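*Asks:* File upload-v5.txt below, compact mmCIF, C-alpha atoms:
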# COMPACT_ATOMS: atom_id res chain seq x y z
CA ARG A 171 7.73 17.49 78.15
CA VAL A 172 8.37 14.35 76.23
CA SER A 173 6.95 15.27 72.85
CA THR A 174 8.40 18.76 72.52
CA LYS A 175 11.90 17.56 73.36
CA LEU A 176 11.96 15.05 70.54
CA PRO A 177 13.90 15.92 67.38
CA ARG A 178 11.84 16.43 64.24
CA GLU A 179 14.19 14.47 61.96
CA VAL A 180 13.53 10.91 60.90
CA PHE A 181 16.22 8.24 61.22
CA THR A 182 18.38 9.66 58.41
CA ASN A 183 21.72 8.85 60.01
CA ILE A 184 21.30 5.13 59.54
CA ARG A 185 24.48 3.33 58.52
CA ARG A 186 24.76 1.43 55.25
CA THR A 187 27.68 -0.52 56.73
CA ASN A 188 28.71 -0.54 60.36
CA SER A 189 32.21 0.28 61.48
CA ARG A 190 31.76 1.82 64.92
CA SER A 191 34.02 0.45 67.61
CA SER A 192 32.74 -0.73 70.97
CA SER A 193 34.06 -0.47 74.52
CA SER A 194 32.57 -3.86 75.28
CA ALA A 195 34.38 -6.19 77.66
CA SER A 196 33.23 -9.15 75.61
CA ALA A 197 35.62 -10.77 73.17
CA THR A 198 35.46 -8.97 69.83
CA PRO A 199 35.78 -11.12 66.71
CA THR A 200 38.04 -10.15 63.82
CA PRO A 201 36.26 -8.32 60.97
CA GLU A 202 36.55 -11.41 58.75
CA SER A 203 35.05 -13.77 61.33
CA LYS A 204 32.06 -11.65 62.31
CA PRO A 205 28.59 -12.88 61.39
CA SER A 206 27.57 -10.92 58.29
CA PHE A 207 24.16 -10.15 56.81
CA ARG A 208 22.36 -8.41 54.02
CA TYR A 209 19.95 -6.26 55.99
CA LEU A 210 16.75 -5.68 53.99
CA SER A 211 15.21 -2.58 55.49
CA ALA A 212 13.37 0.69 54.86
CA TRP A 213 14.57 4.04 56.14
CA PHE A 214 11.13 5.10 57.40
CA CYS A 215 9.98 1.88 59.12
CA PRO A 216 9.94 1.75 62.95
CA PHE A 217 9.73 -2.05 62.88
CA ALA A 218 12.94 -2.17 60.87
CA HIS A 219 14.56 0.32 63.22
CA ARG A 220 14.32 -2.27 65.99
CA ALA A 221 16.76 -4.44 64.05
CA THR A 222 18.87 -1.39 63.17
CA LEU A 223 19.28 -0.60 66.86
CA ALA A 224 20.30 -4.19 67.64
CA LEU A 225 22.83 -4.19 64.78
CA GLU A 226 24.28 -0.89 65.91
CA HIS A 227 24.44 -2.06 69.54
CA HIS A 228 26.47 -5.07 68.38
CA SER A 229 28.37 -3.16 65.69
CA SER A 230 31.73 -4.51 66.89
CA ARG A 231 30.49 -8.09 66.59
CA VAL A 232 28.17 -8.18 63.58
CA ASN A 233 28.63 -6.87 60.02
CA TYR A 234 25.72 -5.86 57.84
CA GLU A 235 25.01 -4.40 54.42
CA TRP A 236 22.00 -2.09 54.38
CA VAL A 237 19.59 -2.71 51.48
CA GLU A 238 16.58 -0.46 50.88
CA ALA A 239 14.03 -3.17 50.10
CA LEU A 240 10.66 -1.42 49.98
CA GLY A 241 9.20 2.02 49.60
CA TRP A 242 7.12 4.33 47.45
CA GLU A 243 7.90 6.09 44.21
CA GLN A 244 5.95 8.24 41.82
CA ARG A 245 5.08 6.57 38.54
CA GLU A 246 3.17 7.53 35.43
CA ASP A 247 -0.44 6.39 35.78
CA LYS A 248 -0.58 4.45 32.51
CA ASN A 249 -3.48 2.25 33.66
CA ASP A 250 -5.50 5.14 35.11
CA VAL A 251 -5.28 3.72 38.62
CA THR A 252 -6.15 7.06 40.20
CA GLY A 253 -8.75 8.07 37.63
CA THR A 254 -7.07 11.46 37.34
CA GLY A 255 -4.41 10.75 34.72
CA LYS A 256 -1.78 12.13 37.10
CA GLU A 257 1.27 10.39 38.53
CA TRP A 258 0.57 8.02 41.39
CA TRP A 259 2.56 6.64 44.30
CA TYR A 260 3.60 3.05 43.68
CA HIS A 261 4.49 0.77 46.61
CA TRP A 262 7.47 -1.30 45.48
CA LYS A 263 9.23 -4.25 47.08
CA ALA A 264 12.59 -5.66 46.08
CA ASP A 265 12.59 -9.07 44.40
CA GLU A 266 15.10 -10.27 46.97
CA LEU A 267 12.72 -9.42 49.80
CA LYS A 268 9.82 -11.18 48.09
CA ARG A 269 11.95 -14.29 47.57
CA VAL A 270 13.16 -14.76 51.14
CA ASN A 271 10.29 -13.48 53.28
CA PRO A 272 6.76 -14.87 52.69
CA SER A 273 5.27 -11.60 53.97
CA ALA A 274 7.79 -9.48 52.03
CA LEU A 275 8.22 -7.17 55.01
CA VAL A 276 11.18 -5.55 56.72
CA PRO A 277 13.30 -6.11 58.68
CA THR A 278 14.75 -9.22 57.04
CA LEU A 279 18.27 -10.55 57.58
CA ILE A 280 20.01 -12.81 55.07
CA PRO A 281 23.30 -14.40 56.17
CA ILE A 282 26.43 -13.90 54.11
CA ILE A 283 28.57 -17.04 54.32
CA ASN A 284 32.34 -16.99 53.90
CA ASN A 285 33.68 -20.38 52.84
CA GLY A 286 37.28 -19.62 53.84
CA ASP A 287 39.23 -20.76 56.90
CA SER A 288 38.20 -20.19 60.52
CA ASN A 289 39.24 -16.55 60.23
CA GLY A 290 37.24 -16.03 57.05
CA ASN A 291 40.30 -15.91 54.81
CA GLY A 292 40.58 -17.30 51.30
CA GLY A 293 36.93 -18.06 50.71
CA GLU A 294 34.14 -16.84 48.50
CA LYS A 295 31.30 -14.94 50.13
CA LYS A 296 27.83 -16.21 49.29
CA VAL A 297 24.36 -15.15 50.37
CA ASP A 298 22.31 -17.97 51.91
CA GLU A 299 18.69 -17.09 51.17
CA SER A 300 17.50 -20.35 52.76
CA LYS A 301 18.22 -18.98 56.24
CA ALA A 302 16.55 -15.59 56.21
CA VAL A 303 15.37 -14.26 59.57
CA TYR A 304 12.49 -11.79 59.90
CA GLU A 305 9.87 -10.30 62.28
CA SER A 306 11.26 -7.34 64.21
CA LEU A 307 11.29 -8.76 67.74
CA VAL A 308 12.72 -12.03 66.47
CA THR A 309 15.56 -10.21 64.70
CA ILE A 310 16.58 -8.50 67.95
CA ASP A 311 16.90 -11.85 69.73
CA PHE A 312 18.67 -13.40 66.73
CA ILE A 313 21.23 -10.61 66.36
CA ASP A 314 21.93 -10.78 70.08
CA ALA A 315 22.41 -14.56 69.94
CA VAL A 316 24.80 -14.59 66.96
CA SER A 317 26.82 -11.64 68.28
CA GLY A 318 28.51 -13.76 70.92
CA ALA A 319 28.07 -10.97 73.48
CA THR A 320 28.10 -11.78 77.19
CA GLY A 321 27.10 -10.10 80.43
CA LYS A 322 25.75 -6.57 80.26
CA ASP A 323 26.35 -6.42 76.51
CA ARG A 324 23.51 -8.87 75.95
CA LEU A 325 20.11 -7.56 74.86
CA VAL A 326 18.45 -10.74 76.08
CA PRO A 327 19.91 -11.51 79.52
CA GLU A 328 21.74 -14.73 80.29
CA ASP A 329 19.62 -15.17 83.41
CA PRO A 330 16.61 -17.32 82.37
CA TYR A 331 14.14 -15.39 84.53
CA GLU A 332 15.22 -11.99 83.22
CA ALA A 333 15.23 -13.35 79.66
CA ALA A 334 11.64 -14.53 80.10
CA ARG A 335 10.64 -11.19 81.63
CA CYS A 336 12.14 -9.37 78.64
CA ARG A 337 10.22 -11.51 76.15
CA VAL A 338 6.95 -10.95 78.01
CA TRP A 339 7.48 -7.20 78.13
CA ALA A 340 8.69 -6.87 74.56
CA ASP A 341 5.38 -8.41 73.49
CA LYS A 342 3.49 -6.15 75.90
CA VAL A 343 5.26 -3.08 74.53
CA ASN A 344 4.37 -4.15 71.01
CA ARG A 345 0.67 -4.53 71.81
CA GLU A 346 0.11 -1.68 74.26
CA MET A 347 2.62 1.03 73.34
CA CYS A 348 3.17 0.59 69.60
CA SER A 349 -0.11 -0.63 68.11
CA PRO A 350 -2.20 2.27 69.57
CA TYR A 351 0.09 4.71 67.75
CA TYR A 352 -1.57 3.85 64.44
CA GLY A 353 -5.10 4.09 65.80
CA ILE A 354 -4.40 7.62 66.98
CA LEU A 355 -3.17 8.72 63.57
CA VAL A 356 -5.39 6.68 61.25
CA ARG A 357 -8.82 6.62 62.89
CA LYS A 358 -11.19 9.33 61.67
CA ASP A 359 -13.60 9.23 64.58
CA GLU A 360 -12.38 11.37 67.48
CA SER A 361 -13.73 9.00 70.13
CA GLU A 362 -11.80 6.14 68.56
CA ARG A 363 -8.63 8.22 68.46
CA LYS A 364 -9.04 9.04 72.16
CA GLU A 365 -9.65 5.37 72.93
CA HIS A 366 -6.32 4.45 71.35
CA PHE A 367 -4.54 7.36 73.03
CA ASN A 368 -5.86 6.40 76.45
CA ALA A 369 -4.74 2.81 75.82
CA LEU A 370 -1.26 4.11 74.99
CA ILE A 371 -1.07 6.21 78.17
CA LYS A 372 -2.17 3.20 80.18
CA GLY A 373 0.56 1.11 78.56
CA LEU A 374 3.24 3.75 79.19
CA THR A 375 2.14 4.06 82.80
CA SER A 376 2.46 0.31 83.22
CA PHE A 377 5.91 0.44 81.60
CA SER A 378 6.92 3.29 83.89
CA ASN A 379 5.85 1.29 86.94
CA GLU A 380 7.88 -1.71 85.76
CA LEU A 381 10.95 0.49 85.33
CA ASN A 382 10.66 1.43 89.00
CA LYS A 383 11.30 -2.19 90.02
CA THR A 384 15.01 -1.98 89.17
CA SER A 385 17.80 0.57 89.46
CA GLY A 386 17.17 1.58 85.83
CA PRO A 387 17.30 3.81 83.90
CA THR A 388 16.74 1.08 81.31
CA PHE A 389 14.29 -1.82 81.59
CA LEU A 390 16.99 -4.02 83.09
CA ALA A 391 18.99 -3.00 86.14
CA ASN A 392 22.24 -1.05 86.05
CA GLY A 393 21.63 0.50 82.66
CA GLN A 394 21.75 -2.75 80.67
CA LEU A 395 20.07 -2.19 77.33
CA SER A 396 17.54 -4.88 76.43
CA SER A 397 15.16 -6.10 73.77
CA VAL A 398 12.36 -4.33 75.65
CA ASP A 399 14.04 -0.95 75.27
CA LEU A 400 14.69 -1.57 71.59
CA ALA A 401 11.08 -2.64 71.06
CA LEU A 402 9.79 0.74 72.25
CA ILE A 403 12.45 3.27 71.17
CA PRO A 404 11.35 3.73 67.51
CA TRP A 405 7.79 4.57 68.58
CA ALA A 406 8.75 6.68 71.61
CA TYR A 407 10.89 8.70 69.21
CA ARG A 408 7.79 9.37 67.07
CA TYR A 409 5.23 10.25 69.73
CA TYR A 410 5.85 13.96 69.12
CA VAL A 411 3.80 13.74 65.90
CA PHE A 412 0.58 13.43 67.91
CA GLU A 413 0.65 17.10 68.84
CA HIS A 414 1.26 18.11 65.22
CA TYR A 415 -1.50 15.96 63.70
CA ARG A 416 -3.99 15.65 66.55
CA GLY A 417 -3.50 18.72 68.74
CA LYS A 418 -2.36 19.55 72.26
CA GLU A 419 -4.77 17.09 73.84
CA TYR A 420 -2.54 14.34 72.48
CA VAL A 421 0.70 15.61 74.02
CA ILE A 422 2.46 13.05 76.21
CA SER A 423 4.04 15.03 79.04
CA THR A 424 4.92 14.75 82.71
CA GLU A 425 3.24 18.12 83.14
CA ARG A 426 -0.02 16.51 82.17
CA TYR A 427 0.39 13.03 83.62
CA GLY A 428 2.60 13.81 86.60
CA GLU A 429 4.50 11.14 88.50
CA SER A 430 2.95 8.31 86.51
CA LEU A 431 5.28 9.05 83.59
CA GLU A 432 8.31 10.52 85.35
CA THR A 433 10.26 7.26 85.20
CA TYR A 434 9.32 6.85 81.54
CA GLN A 435 10.68 10.36 80.92
CA ARG A 436 13.99 9.48 82.57
CA TRP A 437 14.13 6.29 80.48
CA PHE A 438 13.43 8.28 77.31
CA ASP A 439 16.11 10.89 78.00
CA HIS A 440 18.65 8.13 78.69
CA VAL A 441 18.03 5.88 75.68
CA MET A 442 17.88 8.76 73.20
CA ASP A 443 21.44 9.66 74.21
CA LEU A 444 22.88 6.18 73.56
CA ASP A 445 25.41 5.82 70.73
CA CYS A 446 23.41 3.08 69.02
CA VAL A 447 20.35 5.36 68.94
CA LYS A 448 21.91 8.67 67.92
How does the structure come out when it is put into structure tokens?

*Replies:*
Amino acid sequence: RVSTKLPREVFTNIRRTNSRSSSSASATPTPESKPSFRYLSAWFCPFAHRATLALEHHSSRVNYEWVEALGWEQREDKNDVTGTGKEWWYHWKADELKRVNPSALVPTLIPIINNGDSNGNGGEKKVDESKAVYESLVTIDFIDAVSGATGKDRLVPEDPYEAARCRVWADKVNREMCSPYYGILVRKDESERKEHFNALIKGLTSFSNELNKTSGPTFLANGQLSSVDLALIPWAYRYYVFEHYRGKEYVISTERYGESLETYQRWFDHVMDLDCVK
């Protein structure tokens, strides 16, 4: 069963700086010459986790500094916002995030420029806020592009057709397998919750059928990780909460949905065991 196999922890093992080595066959840049970024993120945000996964996948090629840039904190209710006189939860956003991203949302990447020689020696590091990159699916493509990776290490394939197929399916995953998640948890009317859940199952079934077109177990053939996989992983990881908050009728399992989700289950088991996901 998909949901009961999922761990109950949130992504608490996220790295503030990345130092993991890679077995990649692609040329690995020296630490000084790697593209470097301030990574404005939030530990709880699945959209940000898409960028986290891309950064960790390319950890031997890209440096980043993790910056918690938005969240909630309890504050004294001096202006009687709640009408109770008690502390209230304040949604804060870092000034840096508000400066560089018009929407002030995570993930946001800000390049760190080294003005030294070609190897990054002898220069002063500066943050270039004029070239911030944001929107979760865009950051995956961007990180992949600046990494210099080739072949199977790419998240967006070098083959134009496969690259186009990935972009189409990343968008499809976003609309059909991520958006319904919120309707299931937020909607108060049971019929509306079921409508969103049924839409999610339909999307996962479609995804499962697409996985069957290649050798898998990932979206691309031969186990090549892609932007499509990274688009879905943060939500697939969280599907277990449906049973807790909405009951057993909202369990996503092969026992309930049979062969239609068997390939999805194999995909899930595989990607959750990847180093960049653990």

*Asks:* Using only C-alpha atoms, which of the listed residues (A:Leu374, A:Asp399, A:Gly241, A:Tyr410) sits closest to Tyr427 in chain A?

*Replies:*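 Smallest distance to Tyr427 in chain A is found for A:Leu374.
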
*Asks:* Per residue of range 210-291 of chain A within 12 Å of range 384-395 of chain A, note the shortest atom pair and the distance in Å to one decimal, counting only C-alpha atoms, and order the rows by chain and increasing residue number, as CSV.

*Replies:*
residue,atom,partner,partner_atom,distance
A:Leu223,CA,A:Leu395,CA,10.6
A:Ala224,CA,A:Leu395,CA,9.9
A:His227,CA,A:Leu395,CA,8.9
A:His228,CA,A:Leu395,CA,11.4

*Asks:* Looking at A:Asp443, A:Glu299, A:Asn382, A:Tyr409, which one is nearest to Lys268 in chain A, with distances taken over all atoms listed in the file?

*Replies:* A:Glu299

*Asks:* I'd like to know which of A:Tyr434, A:Trp236, A:Trp242, A:Phe312 is closest to Phe377 in chain A, using all atoms listed in the file.

*Replies:* A:Tyr434

*Asks:* How big is the axis-aligned box around all listed atoms of range 423-436 of chain A once 4 Å goes on each side, and where's its centre, in Å to one decimal, as JSON?

*Replies:*
{"center_x": 7.0, "center_y": 12.5, "center_z": 83.8, "size_x": 22.0, "size_y": 19.3, "size_z": 17.5}

*Asks:* Can you find the residues with an atom no farther than 10 Å from (14.9, 1.6, 51.3), counting all atoms listed in the file, and report them as an NGL selection string?

*Replies:* :A and (210-215 or 236-242 or 262-264 or 276)

*Asks:* Which of these residues is nearest to Arg269 in chain A, using all atoms listed in the file: A:Cys446, A:Lys301, A:Lys295, A:Lys256?

*Replies:*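 Comparing A:Cys446, A:Lys301, A:Lys295, A:Lys256 against Arg269 in chain A, the winner is A:Lys301.
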
*Asks:* Using only C-alpha atoms, find the one residue out of A:Lys248, A:Asp311, A:Ser300, A:Thr433 that sits nearest to Ala333 in chain A.

*Replies:*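 Closest candidate: A:Asp311.
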
*Asks:* Find, counting only C-alpha atoms, the residue in A:Arg220, A:Lys342, A:Arg363, A:Lys358 that gets nearest to Val308 in chain A.

*Replies:*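 Looking only at the distances to Val308 in chain A, the closest residue turns out to be A:Arg220.
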
*Asks:* CA of Trp339 in chain A to CA of Leu267 in chain A: how many Å, to one decimal?

*Replies:* 28.9 Å

*Asks:* Give me, please, the distance in Å between CA of Arg324 in chain A and CA of Pro272 in chain A, quoted to one decimal.

*Replies:* 29.3 Å

*Asks:* Just give me the gap between CA of Ser376 in chain A and CA of Pro350 in chain A in Å, one decimal is fine.

*Replies:*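 Value for the CA of Ser376 in chain A-CA of Pro350 in chain A distance: 14.6 Å.
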
*Asks:* Just want the 9 Å neighbourhood of Lys296 in chain A, counted on all atoms listed in the file, with same-chain residues fewer than 4 positions away dropped. Output as a PyMOL selection string.

*Replies:* chain A and resi 281-285

*Asks:* I need every residue sitting at most 9 Å from the point (30.2, -15.4, 62.7) (coordinates as in the file, all atoms listed in the file considered), written as a PyMOL selection string.

*Replies:* chain A and resi 199+202-206+231-232+283+316-318

*Asks:* What lies within 12 Å of Val343 in chain A using only C-alpha atoms, ignoring chain neighbours under 4 positions off, as an MDAnalysis selection string?

*Replies:* chainID A and resid 307 336:339 347:351 369:378 380 389 397:406
